[in-house]
Structures are given as structure tokens and as C-alpha cells.
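**Q** final38.txt is the file, holding compact mmCIF, N, CA and C atoms:
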```
# COMPACT_ATOMS: atom_id res chain seq x y z
N MET A 1 73.05 68.50 158.75
CA MET A 1 74.00 69.60 158.90
C MET A 1 75.36 69.21 158.34
N ASN A 2 75.78 68.02 158.56
CA ASN A 2 77.06 67.54 158.08
C ASN A 2 77.08 67.49 156.55
N VAL A 3 75.96 67.13 155.90
CA VAL A 3 75.87 67.08 154.45
C VAL A 3 76.02 68.49 153.87
N HIS A 4 75.39 69.47 154.54
CA HIS A 4 75.50 70.87 154.08
C HIS A 4 76.95 71.34 154.17
N PHE A 5 77.64 71.02 155.23
CA PHE A 5 79.04 71.42 155.41
C PHE A 5 79.91 70.78 154.34
N THR A 6 79.70 69.51 154.05
CA THR A 6 80.46 68.80 153.03
C THR A 6 80.19 69.39 151.66
N ARG A 7 78.92 69.70 151.37
CA ARG A 7 78.57 70.30 150.09
C ARG A 7 79.23 71.68 149.94
N SER A 8 79.26 72.50 151.01
CA SER A 8 79.89 73.82 150.97
C SER A 8 81.38 73.71 150.71
N ARG A 9 82.03 72.72 151.33
CA ARG A 9 83.46 72.52 151.09
C ARG A 9 83.72 72.11 149.65
N ALA A 10 82.84 71.30 149.09
CA ALA A 10 82.99 70.86 147.70
C ALA A 10 82.84 72.05 146.75
N VAL A 11 81.86 72.91 147.02
CA VAL A 11 81.66 74.09 146.18
C VAL A 11 82.86 75.02 146.27
N LEU A 12 83.35 75.27 147.49
CA LEU A 12 84.53 76.12 147.66
C LEU A 12 85.74 75.51 146.97
N GLY A 13 85.89 74.22 147.06
CA GLY A 13 87.01 73.55 146.38
C GLY A 13 86.92 73.71 144.88
N ALA A 14 85.71 73.56 144.33
CA ALA A 14 85.52 73.71 142.88
C ALA A 14 85.81 75.14 142.44
N VAL A 15 85.37 76.13 143.22
CA VAL A 15 85.63 77.53 142.90
C VAL A 15 87.12 77.81 142.94
N GLY A 16 87.80 77.28 143.95
CA GLY A 16 89.25 77.45 144.05
C GLY A 16 89.98 76.85 142.87
N LEU A 17 89.56 75.66 142.45
CA LEU A 17 90.17 75.00 141.30
C LEU A 17 89.92 75.81 140.03
N LEU A 18 88.71 76.32 139.87
CA LEU A 18 88.38 77.13 138.71
C LEU A 18 89.25 78.39 138.66
N LEU A 19 89.43 79.05 139.80
CA LEU A 19 90.28 80.24 139.85
C LEU A 19 91.73 79.90 139.54
N ALA A 20 92.21 78.80 140.04
CA ALA A 20 93.59 78.39 139.78
C ALA A 20 93.83 78.12 138.30
N VAL A 21 92.84 77.54 137.64
CA VAL A 21 92.98 77.23 136.22
C VAL A 21 92.77 78.49 135.37
N ALA A 22 91.84 79.36 135.75
CA ALA A 22 91.50 80.53 134.94
C ALA A 22 92.46 81.70 135.14
N ALA A 23 93.13 81.80 136.28
CA ALA A 23 93.99 82.95 136.57
C ALA A 23 95.09 83.14 135.54
N PRO A 24 95.84 82.10 135.14
CA PRO A 24 96.88 82.33 134.13
C PRO A 24 96.31 82.87 132.82
N THR A 25 95.12 82.42 132.44
CA THR A 25 94.49 82.91 131.22
C THR A 25 94.14 84.38 131.37
N ALA A 26 93.63 84.77 132.53
CA ALA A 26 93.27 86.17 132.76
C ALA A 26 94.51 87.05 132.71
N TYR A 27 95.62 86.63 133.33
CA TYR A 27 96.83 87.42 133.31
C TYR A 27 97.44 87.47 131.91
N ALA A 28 97.33 86.40 131.14
CA ALA A 28 97.86 86.38 129.78
C ALA A 28 97.18 87.44 128.93
N ALA A 29 95.92 87.73 129.20
CA ALA A 29 95.19 88.74 128.42
C ALA A 29 95.73 90.14 128.68
N LEU A 30 96.45 90.35 129.78
CA LEU A 30 96.97 91.66 130.10
C LEU A 30 98.22 92.01 129.31
N ASP A 31 98.83 91.05 128.62
CA ASP A 31 100.08 91.32 127.91
C ASP A 31 99.88 91.93 126.53
N GLY A 32 98.69 92.36 126.21
CA GLY A 32 98.43 93.01 124.94
C GLY A 32 97.96 92.06 123.86
N ALA A 33 97.83 90.78 124.18
CA ALA A 33 97.41 89.79 123.18
C ALA A 33 95.91 89.60 123.16
N ASP A 34 95.17 90.40 123.89
CA ASP A 34 93.72 90.26 123.96
C ASP A 34 93.10 90.69 122.64
N PRO A 35 92.46 89.77 121.92
CA PRO A 35 91.90 90.12 120.61
C PRO A 35 90.70 91.06 120.69
N VAL A 36 90.14 91.26 121.88
CA VAL A 36 88.99 92.13 122.04
C VAL A 36 89.41 93.59 122.02
N VAL A 37 90.64 93.88 122.48
CA VAL A 37 91.13 95.24 122.52
C VAL A 37 91.79 95.57 121.18
N PRO A 38 91.28 96.57 120.47
CA PRO A 38 91.87 96.89 119.16
C PRO A 38 93.27 97.48 119.31
N GLN A 39 94.14 97.15 118.37
CA GLN A 39 95.48 97.72 118.33
C GLN A 39 95.42 99.01 117.53
N ARG A 40 95.53 100.11 118.19
CA ARG A 40 95.45 101.41 117.52
C ARG A 40 96.85 101.97 117.30
N GLY A 41 96.96 102.79 116.29
CA GLY A 41 98.18 103.52 116.06
C GLY A 41 99.25 102.75 115.31
N THR A 42 100.39 103.37 115.24
CA THR A 42 101.54 102.88 114.51
C THR A 42 102.56 102.31 115.49
N PRO A 43 103.28 101.26 115.11
CA PRO A 43 104.33 100.73 116.00
C PRO A 43 105.48 101.75 116.13
N TYR A 44 105.82 102.05 117.36
CA TYR A 44 106.89 102.99 117.67
C TYR A 44 107.86 102.35 118.65
N VAL A 45 109.02 102.99 118.78
CA VAL A 45 109.96 102.70 119.85
C VAL A 45 109.93 103.92 120.75
N GLU A 46 109.85 103.70 122.06
CA GLU A 46 109.93 104.78 123.03
C GLU A 46 111.27 104.66 123.73
N THR A 47 112.05 105.72 123.67
CA THR A 47 113.35 105.74 124.35
C THR A 47 113.30 106.80 125.43
N GLN A 48 113.69 106.41 126.63
CA GLN A 48 113.81 107.34 127.74
C GLN A 48 115.30 107.50 128.02
N LEU A 49 115.74 108.74 128.11
CA LEU A 49 117.12 109.04 128.47
C LEU A 49 117.12 109.78 129.80
N PHE A 50 118.06 109.43 130.67
CA PHE A 50 118.14 110.02 132.00
C PHE A 50 119.46 110.78 132.13
N PHE A 51 119.34 112.09 132.31
CA PHE A 51 120.50 112.98 132.37
C PHE A 51 120.68 113.50 133.79
N GLY A 52 121.81 113.23 134.39
CA GLY A 52 122.12 113.79 135.70
C GLY A 52 122.62 115.21 135.56
N THR A 53 122.58 115.96 136.65
CA THR A 53 123.01 117.35 136.60
C THR A 53 124.22 117.65 137.48
N GLU A 54 124.56 116.74 138.38
CA GLU A 54 125.75 116.93 139.22
C GLU A 54 126.98 116.55 138.41
N ARG A 55 128.04 117.31 138.58
CA ARG A 55 129.28 117.00 137.87
C ARG A 55 130.21 116.21 138.79
N PRO A 56 130.72 115.09 138.30
CA PRO A 56 131.60 114.26 139.13
C PRO A 56 132.83 114.99 139.64
N ASP A 57 133.30 116.01 138.89
CA ASP A 57 134.50 116.75 139.31
C ASP A 57 134.19 117.84 140.32
N GLY A 58 132.91 117.94 140.73
CA GLY A 58 132.53 118.94 141.72
C GLY A 58 132.21 120.30 141.12
N GLY A 59 132.22 120.41 139.81
CA GLY A 59 131.90 121.68 139.14
C GLY A 59 130.43 122.05 139.34
N PRO A 60 130.04 123.19 138.78
CA PRO A 60 128.65 123.64 138.95
C PRO A 60 127.66 122.69 138.27
N VAL A 61 126.49 122.58 138.88
CA VAL A 61 125.46 121.70 138.33
C VAL A 61 124.98 122.23 136.99
N VAL A 62 124.45 121.34 136.16
CA VAL A 62 123.88 121.72 134.88
C VAL A 62 122.58 122.47 135.16
N THR A 63 122.45 123.66 134.61
CA THR A 63 121.26 124.48 134.84
C THR A 63 120.18 124.13 133.82
N ASP A 64 118.96 124.61 134.09
CA ASP A 64 117.85 124.42 133.15
C ASP A 64 118.19 125.05 131.79
N GLU A 65 118.78 126.23 131.83
CA GLU A 65 119.14 126.92 130.58
C GLU A 65 120.16 126.11 129.78
N GLN A 66 121.16 125.57 130.46
CA GLN A 66 122.17 124.77 129.78
C GLN A 66 121.56 123.49 129.19
N PHE A 67 120.69 122.85 129.96
CA PHE A 67 120.10 121.61 129.47
C PHE A 67 119.20 121.88 128.27
N MET A 68 118.36 122.92 128.34
CA MET A 68 117.46 123.20 127.23
C MET A 68 118.23 123.66 125.99
N ALA A 69 119.35 124.35 126.18
CA ALA A 69 120.20 124.70 125.04
C ALA A 69 120.78 123.43 124.42
N PHE A 70 121.16 122.47 125.26
CA PHE A 70 121.66 121.18 124.77
C PHE A 70 120.57 120.48 123.96
N VAL A 71 119.35 120.46 124.47
CA VAL A 71 118.24 119.83 123.74
C VAL A 71 118.04 120.52 122.39
N ASP A 72 118.04 121.85 122.39
CA ASP A 72 117.84 122.60 121.14
C ASP A 72 118.93 122.29 120.11
N GLN A 73 120.18 122.18 120.57
CA GLN A 73 121.31 122.00 119.65
C GLN A 73 121.56 120.55 119.27
N GLU A 74 121.41 119.63 120.23
CA GLU A 74 121.83 118.23 120.02
C GLU A 74 120.68 117.25 119.78
N VAL A 75 119.50 117.55 120.30
CA VAL A 75 118.39 116.59 120.22
C VAL A 75 117.39 116.97 119.13
N THR A 76 116.91 118.19 119.17
CA THR A 76 115.86 118.61 118.24
C THR A 76 116.20 118.39 116.77
N PRO A 77 117.42 118.67 116.31
CA PRO A 77 117.71 118.44 114.89
C PRO A 77 117.48 116.98 114.45
N GLY A 78 117.74 116.02 115.32
CA GLY A 78 117.56 114.62 114.97
C GLY A 78 116.15 114.10 115.23
N PHE A 79 115.39 114.82 116.05
CA PHE A 79 114.03 114.40 116.41
C PHE A 79 113.09 115.60 116.34
N PRO A 80 112.94 116.18 115.14
CA PRO A 80 112.16 117.41 115.01
C PRO A 80 110.65 117.23 115.20
N HIS A 81 110.16 115.99 115.14
CA HIS A 81 108.71 115.78 115.24
C HIS A 81 108.19 115.90 116.65
N GLY A 82 109.07 115.89 117.64
CA GLY A 82 108.61 116.09 119.01
C GLY A 82 109.38 115.26 120.02
N LEU A 83 109.30 115.70 121.25
CA LEU A 83 109.95 115.04 122.37
C LEU A 83 109.34 115.58 123.66
N THR A 84 109.63 114.95 124.75
CA THR A 84 109.15 115.40 126.06
C THR A 84 110.32 115.46 127.02
N VAL A 85 110.40 116.53 127.80
CA VAL A 85 111.41 116.66 128.85
C VAL A 85 110.67 116.78 130.17
N GLN A 86 111.10 115.98 131.13
CA GLN A 86 110.52 116.04 132.47
C GLN A 86 111.64 116.24 133.49
N ASN A 87 111.34 117.02 134.52
CA ASN A 87 112.27 117.19 135.63
C ASN A 87 112.14 116.00 136.56
N GLY A 88 113.23 115.63 137.18
CA GLY A 88 113.18 114.51 138.11
C GLY A 88 114.19 114.64 139.22
N ARG A 89 114.13 113.69 140.11
CA ARG A 89 115.12 113.49 141.17
C ARG A 89 115.52 112.04 141.04
N GLY A 90 116.79 111.77 140.98
CA GLY A 90 117.22 110.40 140.79
C GLY A 90 118.41 110.06 141.66
N GLN A 91 118.73 108.79 141.63
CA GLN A 91 119.95 108.34 142.29
C GLN A 91 120.49 107.14 141.54
N TRP A 92 121.78 106.96 141.62
CA TRP A 92 122.43 105.83 140.98
C TRP A 92 123.77 105.62 141.65
N GLN A 93 124.34 104.46 141.42
CA GLN A 93 125.63 104.13 142.01
C GLN A 93 126.71 104.37 140.96
N ASP A 94 127.65 105.27 141.28
CA ASP A 94 128.69 105.59 140.30
C ASP A 94 129.77 104.51 140.27
N ALA A 95 130.76 104.71 139.41
CA ALA A 95 131.81 103.70 139.21
C ALA A 95 132.61 103.42 140.47
N SER A 96 132.68 104.37 141.38
CA SER A 96 133.43 104.15 142.63
C SER A 96 132.58 103.49 143.71
N GLY A 97 131.29 103.27 143.42
CA GLY A 97 130.41 102.63 144.39
C GLY A 97 129.60 103.60 145.23
N THR A 98 129.79 104.89 145.02
CA THR A 98 129.07 105.90 145.79
C THR A 98 127.65 106.07 145.24
N ILE A 99 126.67 106.17 146.14
CA ILE A 99 125.29 106.45 145.74
C ILE A 99 125.18 107.96 145.54
N GLU A 100 124.89 108.34 144.31
CA GLU A 100 124.75 109.76 143.96
C GLU A 100 123.26 110.09 143.87
N LYS A 101 122.85 111.14 144.55
CA LYS A 101 121.46 111.63 144.48
C LYS A 101 121.51 113.01 143.85
N GLU A 102 120.67 113.21 142.84
CA GLU A 102 120.76 114.48 142.12
C GLU A 102 119.47 114.82 141.39
N ARG A 103 119.36 116.10 141.07
CA ARG A 103 118.30 116.57 140.19
C ARG A 103 118.64 116.03 138.81
N SER A 104 117.61 115.68 138.04
CA SER A 104 117.87 115.08 136.74
C SER A 104 116.78 115.49 135.74
N TYR A 105 117.02 115.09 134.51
CA TYR A 105 116.05 115.29 133.44
C TYR A 105 115.77 113.95 132.78
N GLU A 106 114.52 113.73 132.42
CA GLU A 106 114.13 112.57 131.64
C GLU A 106 113.68 113.09 130.28
N LEU A 107 114.31 112.58 129.24
CA LEU A 107 113.96 112.94 127.87
C LEU A 107 113.29 111.74 127.25
N ILE A 108 112.08 111.94 126.72
CA ILE A 108 111.33 110.85 126.10
C ILE A 108 111.23 111.10 124.61
N LEU A 109 111.70 110.12 123.84
CA LEU A 109 111.65 110.17 122.38
C LEU A 109 110.76 109.04 121.90
N LEU A 110 109.92 109.33 120.93
CA LEU A 110 109.03 108.34 120.33
C LEU A 110 109.24 108.41 118.82
N TYR A 111 109.63 107.28 118.23
CA TYR A 111 109.92 107.28 116.79
C TYR A 111 109.44 105.97 116.19
N PRO A 112 109.06 106.00 114.90
CA PRO A 112 108.54 104.80 114.24
C PRO A 112 109.58 103.66 114.25
N VAL A 113 109.10 102.45 114.38
CA VAL A 113 109.97 101.28 114.38
C VAL A 113 110.83 101.25 113.12
N VAL A 114 110.27 101.67 112.00
CA VAL A 114 111.04 101.64 110.74
C VAL A 114 112.22 102.60 110.76
N GLU A 115 112.27 103.53 111.71
CA GLU A 115 113.39 104.47 111.84
C GLU A 115 114.32 104.10 112.98
N ALA A 116 114.17 102.91 113.55
CA ALA A 116 114.91 102.53 114.76
C ALA A 116 116.42 102.52 114.57
N VAL A 117 116.90 102.02 113.47
CA VAL A 117 118.36 101.92 113.28
C VAL A 117 118.99 103.31 113.22
N GLU A 118 118.41 104.19 112.42
CA GLU A 118 118.94 105.55 112.31
C GLU A 118 118.76 106.31 113.63
N SER A 119 117.63 106.14 114.29
CA SER A 119 117.38 106.82 115.56
C SER A 119 118.35 106.34 116.63
N ASP A 120 118.68 105.05 116.63
CA ASP A 120 119.64 104.51 117.60
C ASP A 120 120.98 105.22 117.46
N ARG A 121 121.45 105.42 116.25
CA ARG A 121 122.72 106.10 116.01
C ARG A 121 122.67 107.52 116.57
N ARG A 122 121.58 108.24 116.29
CA ARG A 122 121.44 109.62 116.78
C ARG A 122 121.37 109.66 118.31
N ILE A 123 120.67 108.71 118.91
CA ILE A 123 120.55 108.68 120.37
C ILE A 123 121.91 108.45 121.02
N GLU A 124 122.68 107.57 120.46
CA GLU A 124 124.02 107.32 121.01
C GLU A 124 124.91 108.56 120.87
N GLU A 125 124.75 109.31 119.80
CA GLU A 125 125.49 110.57 119.63
C GLU A 125 125.06 111.58 120.70
N ILE A 126 123.78 111.63 121.02
CA ILE A 126 123.26 112.53 122.06
C ILE A 126 123.86 112.16 123.41
N ARG A 127 123.85 110.89 123.73
CA ARG A 127 124.41 110.44 125.02
C ARG A 127 125.89 110.82 125.14
N THR A 128 126.64 110.55 124.09
CA THR A 128 128.07 110.87 124.10
C THR A 128 128.30 112.37 124.22
N ALA A 129 127.53 113.17 123.49
CA ALA A 129 127.68 114.62 123.52
C ALA A 129 127.41 115.17 124.93
N TYR A 130 126.38 114.65 125.60
CA TYR A 130 126.07 115.13 126.96
C TYR A 130 127.18 114.74 127.93
N GLU A 131 127.64 113.50 127.84
CA GLU A 131 128.71 113.05 128.72
C GLU A 131 129.94 113.95 128.57
N LYS A 132 130.30 114.29 127.34
CA LYS A 132 131.47 115.14 127.10
C LYS A 132 131.22 116.58 127.54
N ALA A 133 130.06 117.14 127.18
CA ALA A 133 129.78 118.55 127.47
C ALA A 133 129.70 118.83 128.97
N PHE A 134 129.18 117.87 129.73
CA PHE A 134 128.94 118.14 131.16
C PHE A 134 129.70 117.20 132.08
N GLY A 135 130.72 116.52 131.56
CA GLY A 135 131.59 115.68 132.39
C GLY A 135 130.86 114.56 133.10
N GLN A 136 129.89 113.94 132.42
CA GLN A 136 129.09 112.89 133.05
C GLN A 136 129.71 111.51 132.82
N GLU A 137 129.52 110.64 133.80
CA GLU A 137 130.00 109.27 133.69
C GLU A 137 129.12 108.46 132.73
N SER A 138 127.82 108.79 132.71
CA SER A 138 126.92 108.07 131.82
C SER A 138 125.59 108.80 131.69
N VAL A 139 124.84 108.44 130.66
CA VAL A 139 123.46 108.87 130.47
C VAL A 139 122.65 107.59 130.35
N GLY A 140 121.68 107.40 131.25
CA GLY A 140 120.87 106.18 131.25
C GLY A 140 119.95 106.12 130.05
N ARG A 141 119.69 104.90 129.60
CA ARG A 141 118.81 104.70 128.44
C ARG A 141 117.92 103.49 128.67
N VAL A 142 116.62 103.65 128.35
CA VAL A 142 115.65 102.56 128.38
C VAL A 142 114.85 102.63 127.09
N ASP A 143 114.73 101.49 126.41
CA ASP A 143 113.95 101.39 125.17
C ASP A 143 112.78 100.44 125.38
N ASP A 144 111.64 100.77 124.77
CA ASP A 144 110.48 99.91 124.86
C ASP A 144 109.64 100.07 123.59
N ARG A 145 108.90 99.06 123.24
CA ARG A 145 107.97 99.16 122.11
C ARG A 145 106.69 99.83 122.58
N ALA A 146 106.08 100.58 121.67
CA ALA A 146 104.83 101.28 121.98
C ALA A 146 104.01 101.39 120.71
N ARG A 147 102.80 101.85 120.85
CA ARG A 147 101.95 102.17 119.69
C ARG A 147 101.51 103.61 119.88
N GLY A 148 101.52 104.36 118.81
CA GLY A 148 101.16 105.77 118.91
C GLY A 148 100.19 106.16 117.80
N ASP A 149 99.31 107.08 118.15
CA ASP A 149 98.33 107.58 117.20
C ASP A 149 98.22 109.08 117.42
N PHE A 150 98.64 109.84 116.45
CA PHE A 150 98.67 111.30 116.60
C PHE A 150 97.77 111.96 115.58
```
In C-alpha cells, what does this structure look like?
**A**
Amino acid sequence: MNVHFTRSRAVLGAVGLLLAVAAPTAYAALDGADPVVPQRGTPYVETQLFFGTERPDGGPVVTDEQFMAFVDQEVTPGFPHGLTVQNGRGQWQDASGTIEKERSYELILLYPVVEAVESDRRIEEIRTAYEKAFGQESVGRVDDRARGDF
């Protein structure tokens, strides 16, 4: 009975060691470097912009009509191939330290990597235009690489 117990502990120890050694390899495959998974599509940059609707001066909130008119006038001309707008609820800490909770919009832009420099300039113009038009302290921005196939 004691030999069986010792053998079971040895097997469990070996399995544990194997998992400890193999786990980093398994997680490394999740980063997109797995040669078994084909890379489809074209390299793109995905930019998410976050637009708040509350005005810091206490004025009226930005309406759906106002925001979509802004998209039509300021965004679509620079990104005519497509975009996505999603409604959201967000919060952030303003310059005075106050936590602001508000209805918001998320704008998602997807553009080829080869157009990144020109797209960056247009995106910064969009952010500045929204801040000025609606008295906003900032428009959040997140950029990430992606692959797209349309």
C-alpha cells in the first residue's frame, strides 16, 4: 500500500511539473503567434473614440441628433468607407477630480495601417472639433492593431 501511495505522488508530481513547464507555451500561443491559425485579412488600425454628452458648464446634454450631425459633418468625410457608433454609459474623473457619470458614444474607426499617419491627423481634428463644439474637456482615444477582411 505504501508503494502505491509513493507511486501516485510521483505521478502527480510529474504531471504538475509538466503543467508548469507547458503552461507558458500554451499561453504564448494565445498572443496571435500560433502558426496553426491562419492570418486572414489586411493589417488595420482600430481606433475607438469616446464622446461624453454632459457639458461641464451645465448646458444641455448633447442629443442623438446633434451627435449624428457631428458624425456626418466631421467624421464621415475623412472616413467614408465606414464606421460604427455605439451608445454607452461611462464615467471618468475630470480635471477637478470629480467622477463624472454620463451617457456617451463610442465611435469605432478601422483603417489600413498604410493610412495611419493621415488618419491620425484626421482623428485629432475630430477630437478637437468635438471638444470645441460641445464644450468638452476631452475625447478619449484608444488605438489597437487589428486584421480585417471585408
**Q** Could you tell me which of A:Val75, A:Val36, A:Leu49, A:Val62 comes closest to Gly140 of chain A if we count only C-alpha atoms?
**A**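 Ranking A:Val75, A:Val36, A:Leu49, A:Val62 by distance to Gly140 of chain A, first place goes to A:Leu49.
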**Q** Using only C-alpha atoms for the distances, tell me which of A:Arg147, A:Asp94, A:Arg141, A:Val117 is nearest to Arg55 of chain A.
**A**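 The answer is A:Asp94, which sits nearest to Arg55 of chain A.
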**Q** Where does DSSP see strand (DSSP E) in segment 58-110 of chain A, if you list the residues as a list in words?
**A**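 Listing strand (DSSP E) positions across segment 58-110 of chain A yields Thr84, Val85, Gln86, Asn87, Gly88, Arg89, Gly90, Gln91, Trp92, Gln93, Ile99, Glu100, Lys101, Glu102, Arg103, Ser104, Tyr105, Glu106, Leu107, Ile108, Leu109 and Leu110 of chain A.
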**Q** Rounded to one decimal place, report the atom C of Asp144 of chain A-atom C of Glu115 of chain A distance in Å.
**A**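 About the pair atom C of Asp144 of chain A and atom C of Glu115 of chain A: they are 12.3 Å apart.
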**Q** Please provide the set of residues having any atom within 7 Å of Phe150 of chain A, restricted to only N, CA and C atoms, with same-chain residues fewer than 2 positions apart removed, written as an mmCIF file with N, CA and C atoms, in the frame of the given file.
**A**
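Here's the written file result-v5.cif:
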```
data_model
loop_
_atom_site.group_PDB
_atom_site.id
_atom_site.type_symbol
_atom_site.label_atom_id
_atom_site.label_comp_id
_atom_site.auth_asym_id
_atom_site.auth_seq_id
_atom_site.Cartn_x
_atom_site.Cartn_y
_atom_site.Cartn_z
ATOM 1 N N GLY A 41 96.960 102.790 116.290
ATOM 2 C CA GLY A 41 98.180 103.520 116.060
ATOM 3 C C GLY A 41 99.250 102.750 115.310
ATOM 4 N N THR A 42 100.390 103.370 115.240
ATOM 5 C CA THR A 42 101.540 102.880 114.510
ATOM 6 C C THR A 42 102.560 102.310 115.490
ATOM 7 N N GLY A 148 101.520 104.360 118.810
ATOM 8 C CA GLY A 148 101.160 105.770 118.910
ATOM 9 C C GLY A 148 100.190 106.160 117.800
#
```
**Q** From the set A:Val142, A:Leu107, A:Val61, A:Ile123, which residue has the shortest atom-to-atom contact distance to Leu83 of chain A, counting all atoms listed in the file?
**A**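 Under the stated criterion, the closest residue is A:Leu107.
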**Q** Would you mind listing what lies within 10 Å of Val114 of chain A as a ChimeraX atom specification, with only C-alpha atoms counted and same-chain residues fewer than 6 positions away left out?
**A** /A:43-45
**Q** Kindly provide the residues of segment 61-124 of chain A that approach segment 50-53 of chain A to within 8 Å, each paired with its closest atom pair and their distance in Å to one decimal, based on all atoms listed in the file, listed by chain and increasing number, as a tab-separated table.
**A**
```
residue	atom	partner	partner_atom	distance
A:Val61	CA	A:Thr53	C	4.3
A:Val62	N	A:Thr53	C	3.9
A:Thr63	N	A:Thr53	CA	6.6
A:Gly90	N	A:Gly52	CA	7.8
A:Lys101	C	A:Thr53	N	7.9
A:Glu102	C	A:Thr53	N	5.8
A:Arg103	C	A:Thr53	N	4.5
A:Ser104	CA	A:Phe51	C	4.4
A:Tyr105	C	A:Phe51	N	4.1
A:Glu106	CA	A:Phe50	CA	4.8
A:Leu107	N	A:Phe50	N	5.1
A:Ile108	N	A:Phe50	N	7.6
```
**Q** Between atom CA of Ser119 of chain A and atom CA of Gly78 of chain A, what is the distance, to one decimal in Å?
**A** 7.8 Å
**Q** From the list A:Asp149, A:Glu54, A:Glu74, A:Glu46, which residue is nearest Glu137 of chain A when using all atoms listed in the file?
**A**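 Checking each candidate against Glu137 of chain A, we get A:Glu54 as the closest.
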**Q** Please measure the separation of atom C of Arg127 of chain A and atom C of Val139 of chain A, giving the value in Å to one decimal.
**A** 6.9 Å
**Q** Applying 8 Å and only N, CA and C atoms, which residues near Gly82 of chain A remain after dropping the ones on its own chain fewer than 2 positions away? List them as a PyMOL selection string.
**A** chain A and resi 76+78-80+84-85+108-110
**Q** Go through A:Arg89, A:Thr47, A:Phe70, A:Pro38 one by one, measure the shortest atom-to-atom distance of each to Asp120 of chain A using only C-alpha atoms, and give the residue with the smallest value.
**A**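 When distances to Asp120 of chain A are compared using only C-alpha atoms, the smallest one comes from A:Thr47.
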